[in-house]
Amino acid sequence: MFRFENPGYLYLLIILPLLLILFFYALNLRKKNLEKFGNPKLLKFFMPEASLARIWVKFWLAFVAAAFLIIVIAGPQFGSKRENVKREGVEIMIALDVSNSMLSQDKDLSAARLEKAKQLVSKIIDNLKNDKVGLVVFAGDAYIQMPITTDFMSAKMFLSSINPNIVPIQGTAIGKAIALSERSFTSDEGAGKAIIVITDGENHEDDAVAAATHAAENNILVHVVGIGSLEGSPIPIGNTNNFRKDKDGNIIVSKLNEAMCRQIAHAGKGIYARADNSNSALKALQDEINKMGKSEMDSVVYTEYNEQFPIFAWFALLLLLGEFFVMERKNRLFRKVKLFESGEYNN
């Protein structure tokens, strides 16, 4: 497993585009200063040792070296020793609605439904400790996006790539999502297990209440988080200003089906919470998770890491040496060598 010991230093990479801007500014300033003395093409004959290509080469050598040095101080490492450790925790499967209606932007939400849901999932994952989490996405059918795991970093990585296009069949099949989530838990009977369904509740495909009842009978709680507004909002088409319409040409308004959400949560012996711009839904879910019975679970972790910075440090050193030995002007002894010559002198 690859990681950085001090990932905060990677923010220094923002310096690189600033260096690029400064370099182009310096080139432009240099050009303007030359133009004060005459036509740069004519001045070339009076400056036979000048080489613009060498300036570019020196800059890029220093630029890449700076990138490698930032990586060095961030401390790249590879895990070298894996161990099974015992941890007390619970198992959580998150079923996320990715149907087209989740693209709607409700007035009382700071972001589109799907983006708001993804923010909520990210916060749920951040609050987990020694637990396991998995992710199911659903629309007209349900799919495993990530099997249940203790690798929270990977979970958030998978989360970032979610959009309605990853599900080939549109619709809203909450029942299938609950059933698939139920089958995705481990066989550990002692661990508390819960499914968190995040949806606008527009179920059109199956009997979600029956699926939640079945999960509850197997000691799996089903919590539901409603996303959207009771007034509803239109469903945008892609990145356009157009909205989806029905067969009669009327704009479709997608509303939060709060009654359906409550029925599913009640059947699953869980809670219903409505997502808004506060953290009330997150707090309610966290309280329920804290109440769940925890059991010892095997987890694979890396206990030793090998430092990988030397290879980056050597690359940086070689690049800096190259930058040092490449002069901005041609050496008179090698004037006829055209290694850095790109044609006429211009910017």
# chains A, B, ... in the order shown; residues from 1 in each chain; ligands from 1
>>> select_by_dssp(residues="region 67-285 of chain A", states="alpha helix (DSSP H)", output="VMD selection string")
chain A and resid 67 to 74 113 to 127 152 to 160 174 to 183 208 to 217 258 to 267 280 to 285
>>> closest_atom_pairs(of="region 167-249 of chain A", to="region 283-295 of chain A", cutoff="6 Å", atoms="only C-alpha atoms", output="JSON lines")
{"residue": "A:Gly190", "atom": "CA", "partner": "A:Ser295", "partner_atom": "CA", "distance": 5.6}
{"residue": "A:Ala191", "atom": "CA", "partner": "A:Ser295", "partner_atom": "CA", "distance": 4.8}
{"residue": "A:Gly192", "atom": "CA", "partner": "A:Gly293", "partner_atom": "CA", "distance": 4.9}
>>> write_last_selection(atoms="N, CA, C and O atoms", output="PDB file, in the first residue's frame")
ATOM      1  N   GLY A 190     -21.991 -11.656  15.154  1.00  0.00           N
ATOM      2  CA  GLY A 190     -21.937 -10.833  16.361  1.00  0.00           C
ATOM      3  C   GLY A 190     -21.876  -9.349  16.074  1.00  0.00           C
ATOM      4  O   GLY A 190     -22.174  -8.529  16.948  1.00  0.00           O
ATOM      5  N   ALA A 191     -21.505  -8.965  14.870  1.00  0.00           N
ATOM      6  CA  ALA A 191     -21.335  -7.547  14.545  1.00  0.00           C
ATOM      7  C   ALA A 191     -22.682  -6.886  14.286  1.00  0.00           C
ATOM      8  O   ALA A 191     -23.557  -7.451  13.621  1.00  0.00           O
ATOM      9  N   GLY A 192     -22.856  -5.683  14.821  1.00  0.00           N
ATOM     10  CA  GLY A 192     -24.049  -4.913  14.519  1.00  0.00           C
ATOM     11  C   GLY A 192     -24.023  -4.502  13.051  1.00  0.00           C
ATOM     12  O   GLY A 192     -22.977  -4.092  12.536  1.00  0.00           O
TER      13      GLY A 192
END
>>> select_by_dssp(residues="region 95-281 of chain A", states="strand (DSSP E)", output="ChimeraX atom specification")
/A:95-97,132-138,142-149,193-199,220-226,233-234,253-254,269-274
>>> atom_distance(atom1="CA of Leu109 (chain A)", atom2="CA of Glu231 (chain A)")
12.4 Å
>>> residues_around(residues="Gln263 (chain A)", least_positions_apart="4", cutoff="7 Å", atoms="only C-alpha atoms", output="number ranges by chain")
A: 209, 259, 267
>>> write_last_selection(atoms="all heavy atoms", output="mmCIF file, in the first residue's frame")
data_model
loop_
_atom_site.group_PDB
_atom_site.id
_atom_site.type_symbol
_atom_site.label_atom_id
_atom_site.label_comp_id
_atom_site.auth_asym_id
_atom_site.auth_seq_id
_atom_site.Cartn_x
_atom_site.Cartn_y
_atom_site.Cartn_z
ATOM 1 N N VAL A 209 -40.525 -1.723 1.019
ATOM 2 C CA VAL A 209 -40.957 -2.011 2.400
ATOM 3 C C VAL A 209 -40.751 -3.480 2.727
ATOM 4 O O VAL A 209 -40.273 -3.840 3.812
ATOM 5 C CB VAL A 209 -42.432 -1.608 2.587
ATOM 6 C CG1 VAL A 209 -42.931 -2.053 3.961
ATOM 7 C CG2 VAL A 209 -42.597 -0.097 2.434
ATOM 8 N N ALA A 259 -43.254 10.121 2.809
ATOM 9 C CA ALA A 259 -44.088 9.044 3.347
ATOM 10 C C ALA A 259 -43.475 7.685 3.049
ATOM 11 O O ALA A 259 -43.423 6.798 3.916
ATOM 12 C CB ALA A 259 -45.498 9.138 2.754
ATOM 13 N N ALA A 267 -40.308 -0.159 8.608
ATOM 14 C CA ALA A 267 -40.264 -1.597 8.337
ATOM 15 C C ALA A 267 -38.886 -2.174 8.657
ATOM 16 O O ALA A 267 -38.763 -3.328 9.085
ATOM 17 C CB ALA A 267 -40.611 -1.871 6.869
#
>>> residues_around(residues="region 88-94 of chain A", least_positions_apart="6", cutoff="6 Å", atoms="only C-alpha atoms", output="PyMOL selection string")
chain A and resi 130-135+181+191-196+294-296
>>> write_last_selection(atoms="N, CA and C atoms", output="compact mmCIF listing (two decimals), in the first residue's frame")
# COMPACT_ATOMS: atom_id res chain seq x y z
N ASN A 130 -13.33 1.88 13.97
CA ASN A 130 -12.89 0.50 13.74
C ASN A 130 -13.97 -0.31 13.03
N ASP A 131 -14.74 0.37 12.21
CA ASP A 131 -15.89 -0.25 11.58
C ASP A 131 -15.58 -0.65 10.13
N LYS A 132 -16.56 -1.28 9.50
CA LYS A 132 -16.46 -1.63 8.09
C LYS A 132 -17.58 -0.93 7.33
N VAL A 133 -17.29 -0.54 6.10
CA VAL A 133 -18.28 0.17 5.30
C VAL A 133 -18.24 -0.33 3.87
N GLY A 134 -19.41 -0.38 3.25
CA GLY A 134 -19.51 -0.76 1.85
C GLY A 134 -20.46 0.20 1.15
N LEU A 135 -20.45 0.19 -0.17
CA LEU A 135 -21.25 1.15 -0.92
C LEU A 135 -21.97 0.48 -2.07
N SER A 181 -27.59 -4.90 -0.52
CA SER A 181 -26.81 -4.49 0.66
C SER A 181 -26.84 -5.57 1.72
N ALA A 191 -21.51 -8.97 14.87
CA ALA A 191 -21.34 -7.55 14.54
C ALA A 191 -22.68 -6.89 14.29
N GLY A 192 -22.86 -5.68 14.82
CA GLY A 192 -24.05 -4.91 14.52
C GLY A 192 -24.02 -4.50 13.05
N LYS A 193 -25.15 -4.60 12.38
CA LYS A 193 -25.20 -4.32 10.94
C LYS A 193 -26.35 -3.37 10.64
N ALA A 194 -26.08 -2.45 9.73
CA ALA A 194 -27.11 -1.48 9.36
C ALA A 194 -26.93 -1.07 7.90
N ILE A 195 -28.07 -0.80 7.27
CA ILE A 195 -28.09 -0.27 5.91
C ILE A 195 -28.59 1.17 5.99
N ILE A 196 -27.86 2.08 5.35
CA ILE A 196 -28.28 3.48 5.29
C ILE A 196 -28.67 3.78 3.84
N LYS A 294 -21.13 -3.89 19.04
CA LYS A 294 -19.86 -4.04 18.34
C LYS A 294 -19.28 -5.42 18.62
N SER A 295 -18.53 -5.94 17.66
CA SER A 295 -17.88 -7.24 17.85
C SER A 295 -16.47 -7.17 17.28
N GLU A 296 -15.64 -8.11 17.67
CA GLU A 296 -14.28 -8.16 17.14
C GLU A 296 -14.31 -8.57 15.67
>>> closest_residue(among="A:Leu321, A:Ile124, A:Ala112, A:Ile271", to="Ser229 (chain A)", atoms="only C-alpha atoms")
A:Ala112
>>> residues_around(residues="region 160-164 of chain A", least_positions_apart="4", cutoff="8 Å", atoms="only C-alpha atoms", output="PyMOL selection string")
chain A and resi 98-100+114+118+139+156
>>> residues_around(residues="region 166-177 of chain A", least_positions_apart="4", cutoff="10 Å", atoms="only C-alpha atoms", output="PyMOL selection string")
chain A and resi 94-101+136-145+161-162+181-182+195+197-212+261+264
>>> atom_distance(atom1="CA of Ile21 (chain A)", atom2="CA of Ala313 (chain A)")
25.2 Å
>>> residues_around(residues="Ala62 (chain A)", least_positions_apart="3", cutoff="8 Å", atoms="only C-alpha atoms", output="PDB file with all heavy atoms, in the first residue's frame")
ATOM      1  N   LYS A  58      16.390  25.019 -18.988  1.00  0.00           N
ATOM      2  CA  LYS A  58      16.763  25.258 -17.599  1.00  0.00           C
ATOM      3  C   LYS A  58      15.518  25.362 -16.706  1.00  0.00           C
ATOM      4  O   LYS A  58      15.478  24.822 -15.603  1.00  0.00           O
ATOM      5  CB  LYS A  58      17.602  26.546 -17.494  1.00  0.00           C
ATOM      6  CG  LYS A  58      19.041  26.401 -17.972  1.00  0.00           C
ATOM      7  CD  LYS A  58      19.777  27.716 -17.915  1.00  0.00           C
ATOM      8  CE  LYS A  58      19.984  28.208 -16.508  1.00  0.00           C
ATOM      9  NZ  LYS A  58      20.886  27.341 -15.725  1.00  0.00           N
ATOM     10  N   PHE A  59      14.511  26.052 -17.214  1.00  0.00           N
ATOM     11  CA  PHE A  59      13.295  26.219 -16.407  1.00  0.00           C
ATOM     12  C   PHE A  59      12.621  24.879 -16.146  1.00  0.00           C
ATOM     13  O   PHE A  59      12.252  24.572 -15.012  1.00  0.00           O
ATOM     14  CB  PHE A  59      12.317  27.166 -17.101  1.00  0.00           C
ATOM     15  CG  PHE A  59      10.957  27.175 -16.441  1.00  0.00           C
ATOM     16  CD1 PHE A  59      10.756  27.846 -15.243  1.00  0.00           C
ATOM     17  CD2 PHE A  59       9.896  26.470 -17.001  1.00  0.00           C
ATOM     18  CE1 PHE A  59       9.512  27.822 -14.626  1.00  0.00           C
ATOM     19  CE2 PHE A  59       8.649  26.456 -16.392  1.00  0.00           C
ATOM     20  CZ  PHE A  59       8.454  27.141 -15.196  1.00  0.00           C
ATOM     21  N   ALA A  65      12.292  19.317 -10.933  1.00  0.00           N
ATOM     22  CA  ALA A  65      13.062  19.065  -9.715  1.00  0.00           C
ATOM     23  C   ALA A  65      12.308  19.562  -8.481  1.00  0.00           C
ATOM     24  O   ALA A  65      12.277  18.896  -7.442  1.00  0.00           O
ATOM     25  CB  ALA A  65      14.426  19.739  -9.804  1.00  0.00           C
ATOM     26  N   ALA A  66      11.672  20.728  -8.607  1.00  0.00           N
ATOM     27  CA  ALA A  66      10.893  21.272  -7.491  1.00  0.00           C
ATOM     28  C   ALA A  66       9.732  20.342  -7.142  1.00  0.00           C
ATOM     29  O   ALA A  66       9.427  20.115  -5.965  1.00  0.00           O
ATOM     30  CB  ALA A  66      10.378  22.662  -7.854  1.00  0.00           C
ATOM     31  N   LEU A 319      18.313  16.378 -11.908  1.00  0.00           N
ATOM     32  CA  LEU A 319      17.692  17.467 -12.654  1.00  0.00           C
ATOM     33  C   LEU A 319      18.321  18.808 -12.299  1.00  0.00           C
ATOM     34  O   LEU A 319      18.563  19.656 -13.176  1.00  0.00           O
ATOM     35  CB  LEU A 319      16.191  17.502 -12.375  1.00  0.00           C
ATOM     36  CG  LEU A 319      15.384  16.343 -12.966  1.00  0.00           C
ATOM     37  CD1 LEU A 319      13.974  16.324 -12.378  1.00  0.00           C
ATOM     38  CD2 LEU A 319      15.312  16.458 -14.480  1.00  0.00           C
ATOM     39  N   LEU A 320      18.614  19.010 -11.004  1.00  0.00           N
ATOM     40  CA  LEU A 320      19.243  20.261 -10.582  1.00  0.00           C
ATOM     41  C   LEU A 320      20.666  20.379 -11.124  1.00  0.00           C
ATOM     42  O   LEU A 320      21.120  21.475 -11.494  1.00  0.00           O
ATOM     43  CB  LEU A 320      19.239  20.357  -9.056  1.00  0.00           C
ATOM     44  CG  LEU A 320      17.861  20.587  -8.416  1.00  0.00           C
ATOM     45  CD1 LEU A 320      17.958  20.513  -6.898  1.00  0.00           C
ATOM     46  CD2 LEU A 320      17.296  21.940  -8.846  1.00  0.00           C
ATOM     47  N   GLU A 323      20.304  21.381 -14.651  1.00  0.00           N
ATOM     48  CA  GLU A 323      19.964  22.800 -14.745  1.00  0.00           C
ATOM     49  C   GLU A 323      21.194  23.661 -14.508  1.00  0.00           C
ATOM     50  O   GLU A 323      21.386  24.704 -15.158  1.00  0.00           O
ATOM     51  CB  GLU A 323      18.883  23.116 -13.707  1.00  0.00           C
ATOM     52  CG  GLU A 323      18.238  24.481 -13.853  1.00  0.00           C
ATOM     53  CD  GLU A 323      19.028  25.591 -13.191  1.00  0.00           C
ATOM     54  OE1 GLU A 323      19.855  25.280 -12.303  1.00  0.00           O
ATOM     55  OE2 GLU A 323      18.818  26.770 -13.552  1.00  0.00           O
TER      56      GLU A 323
END
>>> atom_distance(atom1="CA of Gly75 (chain A)", atom2="CA of Ile15 (chain A)")
18.0 Å
>>> decode(residues="region 110-121 of chain A", atoms="all heavy atoms", output="PDB file, in the first residue's frame")
ATOM      1  N   SER A 110     -28.121  23.385  -0.335  1.00  0.00           N
ATOM      2  CA  SER A 110     -27.006  24.180  -0.849  1.00  0.00           C
ATOM      3  C   SER A 110     -26.372  23.572  -2.090  1.00  0.00           C
ATOM      4  O   SER A 110     -25.521  24.193  -2.725  1.00  0.00           O
ATOM      5  CB  SER A 110     -25.943  24.346   0.238  1.00  0.00           C
ATOM      6  OG  SER A 110     -25.460  23.069   0.660  1.00  0.00           O
ATOM      7  N   ALA A 111     -26.747  22.344  -2.421  1.00  0.00           N
ATOM      8  CA  ALA A 111     -26.185  21.663  -3.598  1.00  0.00           C
ATOM      9  C   ALA A 111     -27.242  20.742  -4.177  1.00  0.00           C
ATOM     10  O   ALA A 111     -28.294  20.516  -3.563  1.00  0.00           O
ATOM     11  CB  ALA A 111     -24.933  20.877  -3.210  1.00  0.00           C
ATOM     12  N   ALA A 112     -26.990  20.220  -5.371  1.00  0.00           N
ATOM     13  CA  ALA A 112     -27.905  19.251  -5.969  1.00  0.00           C
ATOM     14  C   ALA A 112     -28.022  18.037  -5.043  1.00  0.00           C
ATOM     15  O   ALA A 112     -27.135  17.765  -4.225  1.00  0.00           O
ATOM     16  CB  ALA A 112     -27.399  18.829  -7.343  1.00  0.00           C
ATOM     17  N   ARG A 113     -29.119  17.308  -5.157  1.00  0.00           N
ATOM     18  CA  ARG A 113     -29.389  16.196  -4.241  1.00  0.00           C
ATOM     19  C   ARG A 113     -28.237  15.201  -4.182  1.00  0.00           C
ATOM     20  O   ARG A 113     -27.829  14.783  -3.093  1.00  0.00           O
ATOM     21  CB  ARG A 113     -30.671  15.473  -4.673  1.00  0.00           C
ATOM     22  CG  ARG A 113     -31.922  16.307  -4.546  1.00  0.00           C
ATOM     23  CD  ARG A 113     -33.142  15.582  -5.083  1.00  0.00           C
ATOM     24  NE  ARG A 113     -34.323  16.449  -5.100  1.00  0.00           N
ATOM     25  CZ  ARG A 113     -35.494  16.097  -5.579  1.00  0.00           C
ATOM     26  NH1 ARG A 113     -35.673  14.884  -6.097  1.00  0.00           N
ATOM     27  NH2 ARG A 113     -36.508  16.945  -5.565  1.00  0.00           N
ATOM     28  N   LEU A 114     -27.728  14.820  -5.337  1.00  0.00           N
ATOM     29  CA  LEU A 114     -26.663  13.813  -5.352  1.00  0.00           C
ATOM     30  C   LEU A 114     -25.402  14.335  -4.686  1.00  0.00           C
ATOM     31  O   LEU A 114     -24.744  13.614  -3.926  1.00  0.00           O
ATOM     32  CB  LEU A 114     -26.367  13.367  -6.780  1.00  0.00           C
ATOM     33  CG  LEU A 114     -25.322  12.262  -6.926  1.00  0.00           C
ATOM     34  CD1 LEU A 114     -25.715  11.026  -6.126  1.00  0.00           C
ATOM     35  CD2 LEU A 114     -25.135  11.879  -8.404  1.00  0.00           C
ATOM     36  N   GLU A 115     -25.039  15.591  -4.961  1.00  0.00           N
ATOM     37  CA  GLU A 115     -23.847  16.157  -4.336  1.00  0.00           C
ATOM     38  C   GLU A 115     -24.031  16.258  -2.823  1.00  0.00           C
ATOM     39  O   GLU A 115     -23.107  16.000  -2.054  1.00  0.00           O
ATOM     40  CB  GLU A 115     -23.545  17.541  -4.921  1.00  0.00           C
ATOM     41  CG  GLU A 115     -22.981  17.499  -6.325  1.00  0.00           C
ATOM     42  CD  GLU A 115     -21.750  16.613  -6.432  1.00  0.00           C
ATOM     43  OE1 GLU A 115     -20.839  16.775  -5.593  1.00  0.00           O
ATOM     44  OE2 GLU A 115     -21.695  15.755  -7.324  1.00  0.00           O
ATOM     45  N   LYS A 116     -25.227  16.636  -2.403  1.00  0.00           N
ATOM     46  CA  LYS A 116     -25.516  16.716  -0.966  1.00  0.00           C
ATOM     47  C   LYS A 116     -25.419  15.332  -0.337  1.00  0.00           C
ATOM     48  O   LYS A 116     -24.883  15.170   0.778  1.00  0.00           O
ATOM     49  CB  LYS A 116     -26.918  17.291  -0.762  1.00  0.00           C
ATOM     50  CG  LYS A 116     -27.211  17.715   0.668  1.00  0.00           C
ATOM     51  CD  LYS A 116     -26.382  18.929   1.053  1.00  0.00           C
ATOM     52  CE  LYS A 116     -26.681  19.384   2.472  1.00  0.00           C
ATOM     53  NZ  LYS A 116     -25.844  20.526   2.874  1.00  0.00           N
ATOM     54  N   ALA A 117     -25.921  14.323  -1.051  1.00  0.00           N
ATOM     55  CA  ALA A 117     -25.855  12.951  -0.543  1.00  0.00           C
ATOM     56  C   ALA A 117     -24.407  12.488  -0.431  1.00  0.00           C
ATOM     57  O   ALA A 117     -24.029  11.847   0.560  1.00  0.00           O
ATOM     58  CB  ALA A 117     -26.639  12.024  -1.468  1.00  0.00           C
ATOM     59  N   LYS A 118     -23.591  12.795  -1.413  1.00  0.00           N
ATOM     60  CA  LYS A 118     -22.187  12.399  -1.385  1.00  0.00           C
ATOM     61  C   LYS A 118     -21.442  13.087  -0.243  1.00  0.00           C
ATOM     62  O   LYS A 118     -20.568  12.494   0.404  1.00  0.00           O
ATOM     63  CB  LYS A 118     -21.530  12.708  -2.733  1.00  0.00           C
ATOM     64  CG  LYS A 118     -22.005  11.785  -3.855  1.00  0.00           C
ATOM     65  CD  LYS A 118     -21.677  12.292  -5.229  1.00  0.00           C
ATOM     66  CE  LYS A 118     -20.223  12.296  -5.540  1.00  0.00           C
ATOM     67  NZ  LYS A 118     -19.949  12.632  -6.953  1.00  0.00           N
ATOM     68  N   GLN A 119     -21.781  14.338   0.023  1.00  0.00           N
ATOM     69  CA  GLN A 119     -21.175  15.042   1.158  1.00  0.00           C
ATOM     70  C   GLN A 119     -21.537  14.350   2.471  1.00  0.00           C
ATOM     71  O   GLN A 119     -20.689  14.201   3.368  1.00  0.00           O
ATOM     72  CB  GLN A 119     -21.645  16.499   1.178  1.00  0.00           C
ATOM     73  CG  GLN A 119     -21.141  17.342   0.029  1.00  0.00           C
ATOM     74  CD  GLN A 119     -21.818  18.706  -0.040  1.00  0.00           C
ATOM     75  OE1 GLN A 119     -22.474  19.143   0.913  1.00  0.00           O
ATOM     76  NE2 GLN A 119     -21.663  19.387  -1.161  1.00  0.00           N
ATOM     77  N   LEU A 120     -22.797  13.925   2.565  1.00  0.00           N
ATOM     78  CA  LEU A 120     -23.248  13.233   3.774  1.00  0.00           C
ATOM     79  C   LEU A 120     -22.520  11.905   3.942  1.00  0.00           C
ATOM     80  O   LEU A 120     -22.062  11.567   5.046  1.00  0.00           O
ATOM     81  CB  LEU A 120     -24.757  13.008   3.706  1.00  0.00           C
ATOM     82  CG  LEU A 120     -25.383  12.203   4.856  1.00  0.00           C
ATOM     83  CD1 LEU A 120     -25.158  12.895   6.190  1.00  0.00           C
ATOM     84  CD2 LEU A 120     -26.870  11.977   4.609  1.00  0.00           C
ATOM     85  N   VAL A 121     -22.397  11.138   2.867  1.00  0.00           N
ATOM     86  CA  VAL A 121     -21.694   9.846   2.932  1.00  0.00           C
ATOM     87  C   VAL A 121     -20.244  10.057   3.359  1.00  0.00           C
ATOM     88  O   VAL A 121     -19.704   9.300   4.179  1.00  0.00           O
ATOM     89  CB  VAL A 121     -21.760   9.119   1.571  1.00  0.00           C
ATOM     90  CG1 VAL A 121     -20.899   7.858   1.607  1.00  0.00           C
ATOM     91  CG2 VAL A 121     -23.196   8.759   1.231  1.00  0.00           C
TER      92      VAL A 121
END
